[in-house]
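To start, the structure itself, in structure tokens.
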Amino acid sequence: TRRNETLRSLRYGWLRRLLVWGTDRPIRFSLGVGGLAACISYALAFNDWLLGWKVPSPPLSEGFDVAAFTGVPWSVQATLVALVYPLVLSFIALTLQRKAHSTVSLRVYVLDSAVVPAGASSIGLLLALGVEYFVTPYRTKEILDGYMAPLLVASAVWLLFNLLLTGFFLSRTLRFIQEEEQQKAFTRVAVDVALHDELVSSVKEHIMVGAPQAVWGLPEYGATVTTPQVLTFPLKEGRTEVARSLNRVRVLHDVHLRLLGLAVSSWCRRAARIGAPAATKAPMLSFPVRVGTEAQGQVVLCLVSDGPKVNWLERMLVEASFVYTSVQRGTLSLSTRKMLEELAGGVEAAAEQQRFGAANDCLRNAFRLHTTPL
């Protein structure tokens, strides 16, 4: 990153990367913001070791209505959730409809504006304030005296975080309306988010392909016919030993090579003792699935050719090694290919309408997006 000027200029900062992470994991992000607010409340209201003082509990009268007091921040947060977010998202969706293809652009806006983590944090605070509201009938004077200050600090800090996130979301929305900012956001998301995920997936695939020699220390394929062979790519047919049934479309996200190596070493030892049925054939164990590919239904994880069957322990290790996740995981399933296809679709639509100036601009943007990751 330090030597690459293009990547350095387009790379998000640590805060923006945290918001991108929160876009993929909104529940975890909301719990993290709530936990941070709780930690700050503990440091300011429970102990005085951090600043030398702590927030004192306010003197409350007998007629103090906790439910009405809690309803004020709840109303503010509910207004933000019920009005601001739907209206702004609807406005952006209508704005992007003037394009021939706007699906990827809307996803880029969601990532660039951090609307998902901001909304998730706001809903999390709504739930927390709702819990405070419903437990007020069970309050006692001792509970109010002991926990009113921490609750006030935690709620105020969380509300402050949500207001900052909402302000950031609105400011990015106002900038995203401008055509130049859209192109800049498109390029930054393509380079720092989509391309990064694709490179990580490619590296995982290359590590998986070279795992028999680089990780498990096995001989190369075809080097000998006397020892068992292990392949991590589809090359030869064989009988299915391990398969998994997927009810919906899933993507192979990761492979635990240590667990898979235990199964491979166990099978290789047994295959070496038993041997192949023919002297010119070596026992073959292969894993035909590839990292990053989508699958549904019956998925073959392990094949065996001219070798012993996989036992129950090896089958369990193989099944645990392959991690399938939802297709939507990973920045709303964005890819550089989809982004280039949307820009190319804009060129075709403008050319069909004989808007050759707009088609020229779209083509220039497509070339720029294509050359920047390279």
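Chain identifiers are assigned as A, B, and so on, following the order in which chains appear in the structure tokens; residues are numbered from 1 within each chain, and ligands are numbered from 1 in order of appearance.
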Tell me which protein, DNA and RNA residues are within 10 Å of Asn311 of chain A, counting only C-alpha atoms, leaving out same-chain ones fewer than 2 positions away, and put them as a ChimeraX atom specification. /A:241,263,266-267,308-309,313-316
Would you list, as a VMD selection string, the residues of segment 198-348 of chain A that end up in strand (DSSP E or B) under DSSP run on this structure's backbone? chain A and resid 229 to 231 239 to 255 284 to 286 294 to 305 322 to 326
Which residues come within 9 Å of Val66 of chain A, counting only C-alpha atoms, excluding same-chain residues fewer than 3 positions away, as JSON, numbers by chain? {"A": [69, 70, 71, 132, 133, 136, 139]}
Produce a file of the selected residues containing C-alpha atoms, as a CSV table (one decimal), in the first residue's frame.
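In the end it all went to selection_15.csv:
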chain,number,residue,atom,x,y,z
A,69,PHE,CA,-37.9,10.2,30.6
A,70,THR,CA,-36.9,7.2,28.6
A,71,GLY,CA,-39.5,8.0,26.0
A,132,GLU,CA,-35.6,0.1,29.8
A,133,TYR,CA,-39.1,1.3,29.3
A,136,THR,CA,-39.7,0.6,34.7
A,139,ARG,CA,-37.9,-0.3,39.5
Would you pick out the contacts of segment 7-18 of chain A at 10 Å or less, using only C-alpha atoms, so that residues sharing its chain but fewer than 4 positions from it are not included, and give the list as a PyMOL selection string? chain A and resi 1-3+22-23+29+111-114+117+184-185+187-193+372-373
Keeping only N, CA, C and O atoms, write the selected residues as a PDB file, in the first residue's frame.
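So part_15.pdb came out as:
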ATOM      1  N   THR A   1       0.830  -1.202   0.000  1.00  0.00           N
ATOM      2  CA  THR A   1       0.000   0.000   0.000  1.00  0.00           C
ATOM      3  C   THR A   1       0.869   1.257   0.000  1.00  0.00           C
ATOM      4  O   THR A   1       0.557   2.243  -0.664  1.00  0.00           O
ATOM      5  N   ARG A   2       1.955   1.263   0.758  1.00  0.00           N
ATOM      6  CA  ARG A   2       2.806   2.448   0.845  1.00  0.00           C
ATOM      7  C   ARG A   2       3.476   2.765  -0.487  1.00  0.00           C
ATOM      8  O   ARG A   2       3.681   3.930  -0.813  1.00  0.00           O
ATOM      9  N   ARG A   3       3.820   1.748  -1.275  1.00  0.00           N
ATOM     10  CA  ARG A   3       4.516   1.977  -2.528  1.00  0.00           C
ATOM     11  C   ARG A   3       3.554   2.184  -3.694  1.00  0.00           C
ATOM     12  O   ARG A   3       3.985   2.632  -4.752  1.00  0.00           O
ATOM     13  N   GLY A  22     -19.103  -3.475   9.140  1.00  0.00           N
ATOM     14  CA  GLY A  22     -20.425  -3.428   9.743  1.00  0.00           C
ATOM     15  C   GLY A  22     -21.540  -3.596   8.740  1.00  0.00           C
ATOM     16  O   GLY A  22     -22.640  -4.043   9.092  1.00  0.00           O
ATOM     17  N   THR A  23     -21.293  -3.246   7.479  1.00  0.00           N
ATOM     18  CA  THR A  23     -22.298  -3.465   6.438  1.00  0.00           C
ATOM     19  C   THR A  23     -22.544  -4.945   6.222  1.00  0.00           C
ATOM     20  O   THR A  23     -23.682  -5.373   6.002  1.00  0.00           O
ATOM     21  N   PHE A  29     -22.111  -5.334  14.534  1.00  0.00           N
ATOM     22  CA  PHE A  29     -21.740  -3.926  14.646  1.00  0.00           C
ATOM     23  C   PHE A  29     -22.596  -3.234  15.704  1.00  0.00           C
ATOM     24  O   PHE A  29     -22.083  -2.461  16.525  1.00  0.00           O
ATOM     25  N   LEU A 111     -22.662   0.732   0.502  1.00  0.00           N
ATOM     26  CA  LEU A 111     -21.341   0.572   1.105  1.00  0.00           C
ATOM     27  C   LEU A 111     -20.695   1.913   1.423  1.00  0.00           C
ATOM     28  O   LEU A 111     -20.123   2.099   2.500  1.00  0.00           O
ATOM     29  N   ASP A 112     -20.780   2.840   0.502  1.00  0.00           N
ATOM     30  CA  ASP A 112     -20.081   4.113   0.664  1.00  0.00           C
ATOM     31  C   ASP A 112     -20.731   4.990   1.729  1.00  0.00           C
ATOM     32  O   ASP A 112     -20.031   5.744   2.413  1.00  0.00           O
ATOM     33  N   SER A 113     -22.045   4.925   1.885  1.00  0.00           N
ATOM     34  CA  SER A 113     -22.740   5.785   2.848  1.00  0.00           C
ATOM     35  C   SER A 113     -22.837   5.184   4.236  1.00  0.00           C
ATOM     36  O   SER A 113     -23.211   5.887   5.183  1.00  0.00           O
ATOM     37  N   ALA A 114     -22.543   3.884   4.386  1.00  0.00           N
ATOM     38  CA  ALA A 114     -22.633   3.209   5.693  1.00  0.00           C
ATOM     39  C   ALA A 114     -24.041   3.268   6.268  1.00  0.00           C
ATOM     40  O   ALA A 114     -24.229   3.396   7.472  1.00  0.00           O
ATOM     41  N   PRO A 117     -24.800  -0.121   8.778  1.00  0.00           N
ATOM     42  CA  PRO A 117     -24.382  -0.076  10.192  1.00  0.00           C
ATOM     43  C   PRO A 117     -25.029   1.054  10.963  1.00  0.00           C
ATOM     44  O   PRO A 117     -25.331   0.899  12.154  1.00  0.00           O
ATOM     45  N   LYS A 184     -16.191   8.408  -8.226  1.00  0.00           N
ATOM     46  CA  LYS A 184     -15.118   8.203  -7.257  1.00  0.00           C
ATOM     47  C   LYS A 184     -15.465   7.095  -6.280  1.00  0.00           C
ATOM     48  O   LYS A 184     -14.627   6.244  -5.969  1.00  0.00           O
ATOM     49  N   ALA A 185     -16.720   7.088  -5.790  1.00  0.00           N
ATOM     50  CA  ALA A 185     -17.144   6.021  -4.888  1.00  0.00           C
ATOM     51  C   ALA A 185     -17.135   4.678  -5.600  1.00  0.00           C
ATOM     52  O   ALA A 185     -16.756   3.648  -5.018  1.00  0.00           O
ATOM     53  N   THR A 187     -15.156   3.744  -8.022  1.00  0.00           N
ATOM     54  CA  THR A 187     -13.773   3.293  -8.163  1.00  0.00           C
ATOM     55  C   THR A 187     -13.195   2.834  -6.828  1.00  0.00           C
ATOM     56  O   THR A 187     -12.498   1.808  -6.755  1.00  0.00           O
ATOM     57  N   ARG A 188     -13.480   3.570  -5.752  1.00  0.00           N
ATOM     58  CA  ARG A 188     -12.936   3.194  -4.439  1.00  0.00           C
ATOM     59  C   ARG A 188     -13.497   1.854  -3.984  1.00  0.00           C
ATOM     60  O   ARG A 188     -12.754   1.007  -3.456  1.00  0.00           O
ATOM     61  N   VAL A 189     -14.783   1.640  -4.185  1.00  0.00           N
ATOM     62  CA  VAL A 189     -15.373   0.361  -3.796  1.00  0.00           C
ATOM     63  C   VAL A 189     -14.813  -0.768  -4.649  1.00  0.00           C
ATOM     64  O   VAL A 189     -14.536  -1.867  -4.151  1.00  0.00           O
ATOM     65  N   ALA A 190     -14.614  -0.508  -5.945  1.00  0.00           N
ATOM     66  CA  ALA A 190     -14.074  -1.546  -6.822  1.00  0.00           C
ATOM     67  C   ALA A 190     -12.662  -1.942  -6.419  1.00  0.00           C
ATOM     68  O   ALA A 190     -12.322  -3.129  -6.393  1.00  0.00           O
ATOM     69  N   VAL A 191     -11.825  -0.968  -6.082  1.00  0.00           N
ATOM     70  CA  VAL A 191     -10.421  -1.247  -5.775  1.00  0.00           C
ATOM     71  C   VAL A 191     -10.242  -1.764  -4.354  1.00  0.00           C
ATOM     72  O   VAL A 191      -9.572  -2.776  -4.123  1.00  0.00           O
ATOM     73  N   ASP A 192     -10.846  -1.083  -3.391  1.00  0.00           N
ATOM     74  CA  ASP A 192     -10.556  -1.379  -1.993  1.00  0.00           C
ATOM     75  C   ASP A 192     -11.472  -2.433  -1.389  1.00  0.00           C
ATOM     76  O   ASP A 192     -11.158  -2.983  -0.337  1.00  0.00           O
ATOM     77  N   VAL A 193     -12.597  -2.729  -2.027  1.00  0.00           N
ATOM     78  CA  VAL A 193     -13.538  -3.699  -1.456  1.00  0.00           C
ATOM     79  C   VAL A 193     -13.679  -4.916  -2.367  1.00  0.00           C
ATOM     80  O   VAL A 193     -13.319  -6.026  -1.991  1.00  0.00           O
ATOM     81  N   THR A 372      -7.782   1.022 -13.636  1.00  0.00           N
ATOM     82  CA  THR A 372      -7.343   1.390 -12.281  1.00  0.00           C
ATOM     83  C   THR A 372      -6.969   0.176 -11.442  1.00  0.00           C
ATOM     84  O   THR A 372      -5.892   0.174 -10.807  1.00  0.00           O
ATOM     85  N   PRO A 373      -7.767  -0.896 -11.365  1.00  0.00           N
ATOM     86  CA  PRO A 373      -7.311  -2.068 -10.590  1.00  0.00           C
ATOM     87  C   PRO A 373      -6.046  -2.697 -11.144  1.00  0.00           C
ATOM     88  O   PRO A 373      -5.274  -3.303 -10.397  1.00  0.00           O
TER      89      PRO A 373
END
Which of segment 196-292 of chain A end up as alpha helix (DSSP H) when DSSP is run on this backbone - answer as a PDB file with N, CA, C and O atoms, in the first residue's frame?
ATOM      1  N   HIS A 196     -10.251  -6.412  -3.520  1.00  0.00           N
ATOM      2  CA  HIS A 196      -9.587  -7.004  -2.357  1.00  0.00           C
ATOM      3  C   HIS A 196     -10.172  -8.371  -2.031  1.00  0.00           C
ATOM      4  O   HIS A 196      -9.439  -9.342  -1.793  1.00  0.00           O
ATOM      5  N   ASP A 197     -11.505  -8.468  -2.041  1.00  0.00           N
ATOM      6  CA  ASP A 197     -12.139  -9.757  -1.759  1.00  0.00           C
ATOM      7  C   ASP A 197     -11.816 -10.782  -2.838  1.00  0.00           C
ATOM      8  O   ASP A 197     -11.607 -11.971  -2.541  1.00  0.00           O
ATOM      9  N   GLU A 198     -11.767 -10.349  -4.097  1.00  0.00           N
ATOM     10  CA  GLU A 198     -11.438 -11.278  -5.165  1.00  0.00           C
ATOM     11  C   GLU A 198      -9.996 -11.768  -5.057  1.00  0.00           C
ATOM     12  O   GLU A 198      -9.714 -12.944  -5.317  1.00  0.00           O
ATOM     13  N   LEU A 199      -9.083 -10.886  -4.685  1.00  0.00           N
ATOM     14  CA  LEU A 199      -7.691 -11.308  -4.507  1.00  0.00           C
ATOM     15  C   LEU A 199      -7.548 -12.280  -3.347  1.00  0.00           C
ATOM     16  O   LEU A 199      -6.793 -13.258  -3.441  1.00  0.00           O
ATOM     17  N   VAL A 200      -8.265 -12.022  -2.259  1.00  0.00           N
ATOM     18  CA  VAL A 200      -8.232 -12.948  -1.121  1.00  0.00           C
ATOM     19  C   VAL A 200      -8.760 -14.317  -1.541  1.00  0.00           C
ATOM     20  O   VAL A 200      -8.183 -15.359  -1.203  1.00  0.00           O
ATOM     21  N   SER A 201      -9.866 -14.335  -2.288  1.00  0.00           N
ATOM     22  CA  SER A 201     -10.418 -15.600  -2.756  1.00  0.00           C
ATOM     23  C   SER A 201      -9.463 -16.308  -3.704  1.00  0.00           C
ATOM     24  O   SER A 201      -9.313 -17.541  -3.651  1.00  0.00           O
ATOM     25  N   SER A 202      -8.784 -15.556  -4.568  1.00  0.00           N
ATOM     26  CA  SER A 202      -7.819 -16.162  -5.490  1.00  0.00           C
ATOM     27  C   SER A 202      -6.634 -16.756  -4.741  1.00  0.00           C
ATOM     28  O   SER A 202      -6.160 -17.853  -5.072  1.00  0.00           O
ATOM     29  N   VAL A 203      -6.145 -16.042  -3.726  1.00  0.00           N
ATOM     30  CA  VAL A 203      -5.026 -16.566  -2.930  1.00  0.00           C
ATOM     31  C   VAL A 203      -5.443 -17.846  -2.203  1.00  0.00           C
ATOM     32  O   VAL A 203      -4.673 -18.824  -2.135  1.00  0.00           O
ATOM     33  N   LYS A 204      -6.654 -17.849  -1.665  1.00  0.00           N
ATOM     34  CA  LYS A 204      -7.145 -19.064  -1.003  1.00  0.00           C
ATOM     35  C   LYS A 204      -7.184 -20.239  -1.969  1.00  0.00           C
ATOM     36  O   LYS A 204      -6.812 -21.363  -1.622  1.00  0.00           O
ATOM     37  N   GLU A 205      -7.630 -19.967  -3.200  1.00  0.00           N
ATOM     38  CA  GLU A 205      -7.711 -21.044  -4.192  1.00  0.00           C
ATOM     39  C   GLU A 205      -6.331 -21.571  -4.545  1.00  0.00           C
ATOM     40  O   GLU A 205      -6.129 -22.789  -4.649  1.00  0.00           O
ATOM     41  N   HIS A 206      -5.355 -20.688  -4.713  1.00  0.00           N
ATOM     42  CA  HIS A 206      -3.997 -21.131  -5.037  1.00  0.00           C
ATOM     43  C   HIS A 206      -3.375 -21.902  -3.871  1.00  0.00           C
ATOM     44  O   HIS A 206      -2.649 -22.890  -4.093  1.00  0.00           O
ATOM     45  N   ILE A 207      -3.633 -21.472  -2.657  1.00  0.00           N
ATOM     46  CA  ILE A 207      -3.128 -22.210  -1.493  1.00  0.00           C
ATOM     47  C   ILE A 207      -3.755 -23.591  -1.434  1.00  0.00           C
ATOM     48  O   ILE A 207      -3.084 -24.587  -1.125  1.00  0.00           O
ATOM     49  N   MET A 208      -5.051 -23.660  -1.750  1.00  0.00           N
ATOM     50  CA  MET A 208      -5.744 -24.954  -1.747  1.00  0.00           C
ATOM     51  C   MET A 208      -5.168 -25.882  -2.798  1.00  0.00           C
ATOM     52  O   MET A 208      -4.958 -27.079  -2.556  1.00  0.00           O
ATOM     53  N   VAL A 209      -4.879 -25.358  -3.996  1.00  0.00           N
ATOM     54  CA  VAL A 209      -4.343 -26.194  -5.075  1.00  0.00           C
ATOM     55  C   VAL A 209      -2.958 -26.718  -4.722  1.00  0.00           C
ATOM     56  O   VAL A 209      -2.621 -27.874  -5.011  1.00  0.00           O
ATOM     57  N   ALA A 211      -1.747 -27.172  -1.678  1.00  0.00           N
ATOM     58  CA  ALA A 211      -1.678 -27.702  -0.317  1.00  0.00           C
ATOM     59  C   ALA A 211      -1.045 -29.087  -0.224  1.00  0.00           C
ATOM     60  O   ALA A 211      -0.294 -29.355   0.726  1.00  0.00           O
ATOM     61  N   PRO A 212      -1.292 -30.041  -1.144  1.00  0.00           N
ATOM     62  CA  PRO A 212      -0.681 -31.379  -0.981  1.00  0.00           C
ATOM     63  C   PRO A 212       0.835 -31.347  -0.884  1.00  0.00           C
ATOM     64  O   PRO A 212       1.424 -32.111  -0.106  1.00  0.00           O
ATOM     65  N   GLN A 213       1.490 -30.480  -1.658  1.00  0.00           N
ATOM     66  CA  GLN A 213       2.952 -30.425  -1.595  1.00  0.00           C
ATOM     67  C   GLN A 213       3.443 -29.384  -0.591  1.00  0.00           C
ATOM     68  O   GLN A 213       4.375 -29.652   0.174  1.00  0.00           O
ATOM     69  N   ALA A 214       2.849 -28.196  -0.577  1.00  0.00           N
ATOM     70  CA  ALA A 214       3.359 -27.099   0.256  1.00  0.00           C
ATOM     71  C   ALA A 214       2.960 -27.244   1.717  1.00  0.00           C
ATOM     72  O   ALA A 214       3.715 -26.822   2.597  1.00  0.00           O
ATOM     73  N   LEU A 257      -7.262 -26.271   6.278  1.00  0.00           N
ATOM     74  CA  LEU A 257      -6.272 -27.203   5.756  1.00  0.00           C
ATOM     75  C   LEU A 257      -5.709 -28.124   6.832  1.00  0.00           C
ATOM     76  O   LEU A 257      -5.297 -29.251   6.530  1.00  0.00           O
ATOM     77  N   ARG A 258      -5.674 -27.674   8.080  1.00  0.00           N
ATOM     78  CA  ARG A 258      -5.148 -28.542   9.146  1.00  0.00           C
ATOM     79  C   ARG A 258      -6.082 -29.720   9.379  1.00  0.00           C
ATOM     80  O   ARG A 258      -5.626 -30.872   9.501  1.00  0.00           O
ATOM     81  N   LEU A 259      -7.380 -29.448   9.466  1.00  0.00           N
ATOM     82  CA  LEU A 259      -8.330 -30.552   9.629  1.00  0.00           C
ATOM     83  C   LEU A 259      -8.314 -31.465   8.419  1.00  0.00           C
ATOM     84  O   LEU A 259      -8.320 -32.700   8.545  1.00  0.00           O
ATOM     85  N   LEU A 260      -8.294 -30.873   7.234  1.00  0.00           N
ATOM     86  CA  LEU A 260      -8.265 -31.679   6.024  1.00  0.00           C
ATOM     87  C   LEU A 260      -6.965 -32.474   5.924  1.00  0.00           C
ATOM     88  O   LEU A 260      -6.966 -33.612   5.433  1.00  0.00           O
ATOM     89  N   GLY A 261      -5.858 -31.906   6.419  1.00  0.00           N
ATOM     90  CA  GLY A 261      -4.593 -32.629   6.409  1.00  0.00           C
ATOM     91  C   GLY A 261      -4.606 -33.861   7.297  1.00  0.00           C
ATOM     92  O   GLY A 261      -3.974 -34.872   6.977  1.00  0.00           O
ATOM     93  N   LEU A 262      -5.337 -33.788   8.408  1.00  0.00           N
ATOM     94  CA  LEU A 262      -5.465 -34.979   9.267  1.00  0.00           C
ATOM     95  C   LEU A 262      -6.176 -36.103   8.537  1.00  0.00           C
ATOM     96  O   LEU A 262      -5.769 -37.272   8.610  1.00  0.00           O
ATOM     97  N   ALA A 263      -7.250 -35.760   7.827  1.00  0.00           N
ATOM     98  CA  ALA A 263      -7.966 -36.773   7.056  1.00  0.00           C
ATOM     99  C   ALA A 263      -7.100 -37.331   5.929  1.00  0.00           C
ATOM    100  O   ALA A 263      -7.094 -38.540   5.664  1.00  0.00           O
ATOM    101  N   VAL A 264      -6.344 -36.457   5.260  1.00  0.00           N
ATOM    102  CA  VAL A 264      -5.493 -36.893   4.155  1.00  0.00           C
ATOM    103  C   VAL A 264      -4.388 -37.821   4.648  1.00  0.00           C
ATOM    104  O   VAL A 264      -4.125 -38.882   4.051  1.00  0.00           O
ATOM    105  N   SER A 265      -3.719 -37.463   5.734  1.00  0.00           N
ATOM    106  CA  SER A 265      -2.634 -38.303   6.249  1.00  0.00           C
ATOM    107  C   SER A 265      -3.144 -39.661   6.717  1.00  0.00           C
ATOM    108  O   SER A 265      -2.494 -40.689   6.497  1.00  0.00           O
ATOM    109  N   SER A 266      -4.326 -39.685   7.339  1.00  0.00           N
ATOM    110  CA  SER A 266      -4.910 -40.946   7.781  1.00  0.00           C
ATOM    111  C   SER A 266      -5.243 -41.844   6.591  1.00  0.00           C
ATOM    112  O   SER A 266      -4.950 -43.043   6.589  1.00  0.00           O
ATOM    113  N   TRP A 267      -5.850 -41.255   5.557  1.00  0.00           N
ATOM    114  CA  TRP A 267      -6.196 -42.061   4.379  1.00  0.00           C
ATOM    115  C   TRP A 267      -4.947 -42.540   3.644  1.00  0.00           C
ATOM    116  O   TRP A 267      -4.906 -43.669   3.152  1.00  0.00           O
ATOM    117  N   CYS A 268      -3.938 -41.679   3.545  1.00  0.00           N
ATOM    118  CA  CYS A 268      -2.709 -42.068   2.844  1.00  0.00           C
ATOM    119  C   CYS A 268      -2.014 -43.232   3.550  1.00  0.00           C
ATOM    120  O   CYS A 268      -1.463 -44.134   2.883  1.00  0.00           O
ATOM    121  N   ARG A 269      -2.010 -43.241   4.866  1.00  0.00           N
ATOM    122  CA  ARG A 269      -1.390 -44.357   5.592  1.00  0.00           C
ATOM    123  C   ARG A 269      -2.132 -45.656   5.306  1.00  0.00           C
ATOM    124  O   ARG A 269      -1.511 -46.703   5.069  1.00  0.00           O
ATOM    125  N   ARG A 270      -3.453 -45.602   5.325  1.00  0.00           N
ATOM    126  CA  ARG A 270      -4.215 -46.822   5.061  1.00  0.00           C
ATOM    127  C   ARG A 270      -4.057 -47.257   3.611  1.00  0.00           C
ATOM    128  O   ARG A 270      -3.961 -48.446   3.301  1.00  0.00           O
ATOM    129  N   ALA A 271      -4.052 -46.273   2.679  1.00  0.00           N
ATOM    130  CA  ALA A 271      -3.893 -46.620   1.266  1.00  0.00           C
ATOM    131  C   ALA A 271      -2.517 -47.208   0.976  1.00  0.00           C
ATOM    132  O   ALA A 271      -2.376 -48.096   0.128  1.00  0.00           O
ATOM    133  N   ALA A 272      -1.488 -46.735   1.659  1.00  0.00           N
ATOM    134  CA  ALA A 272      -0.142 -47.266   1.450  1.00  0.00           C
ATOM    135  C   ALA A 272      -0.040 -48.708   1.938  1.00  0.00           C
ATOM    136  O   ALA A 272       0.674 -49.528   1.339  1.00  0.00           O
ATOM    137  N   ARG A 273      -0.738 -49.031   3.016  1.00  0.00           N
ATOM    138  CA  ARG A 273      -0.706 -50.407   3.524  1.00  0.00           C
ATOM    139  C   ARG A 273      -1.485 -51.357   2.614  1.00  0.00           C
ATOM    140  O   ARG A 273      -1.043 -52.480   2.347  1.00  0.00           O
ATOM    141  N   ILE A 274      -2.634 -50.893   2.110  1.00  0.00           N
ATOM    142  CA  ILE A 274      -3.474 -51.762   1.286  1.00  0.00           C
ATOM    143  C   ILE A 274      -2.927 -51.868  -0.128  1.00  0.00           C
ATOM    144  O   ILE A 274      -2.867 -52.937  -0.730  1.00  0.00           O
TER     145      ILE A 274
END
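For the choices A:Leu31, A:Leu165, A:Leu44, A:Val104, the atom-to-atom distance to Arg337 of chain A is smallest for A:Val104 when using only C-alpha atoms.
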Under the rule that only C-alpha atoms are counted, which of A:Leu343, A:Gln97, A:Phe91, A:Thr166 is the nearest residue to Gly119 of chain A?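 So, comparing all the options, the nearest one is A:Thr166.
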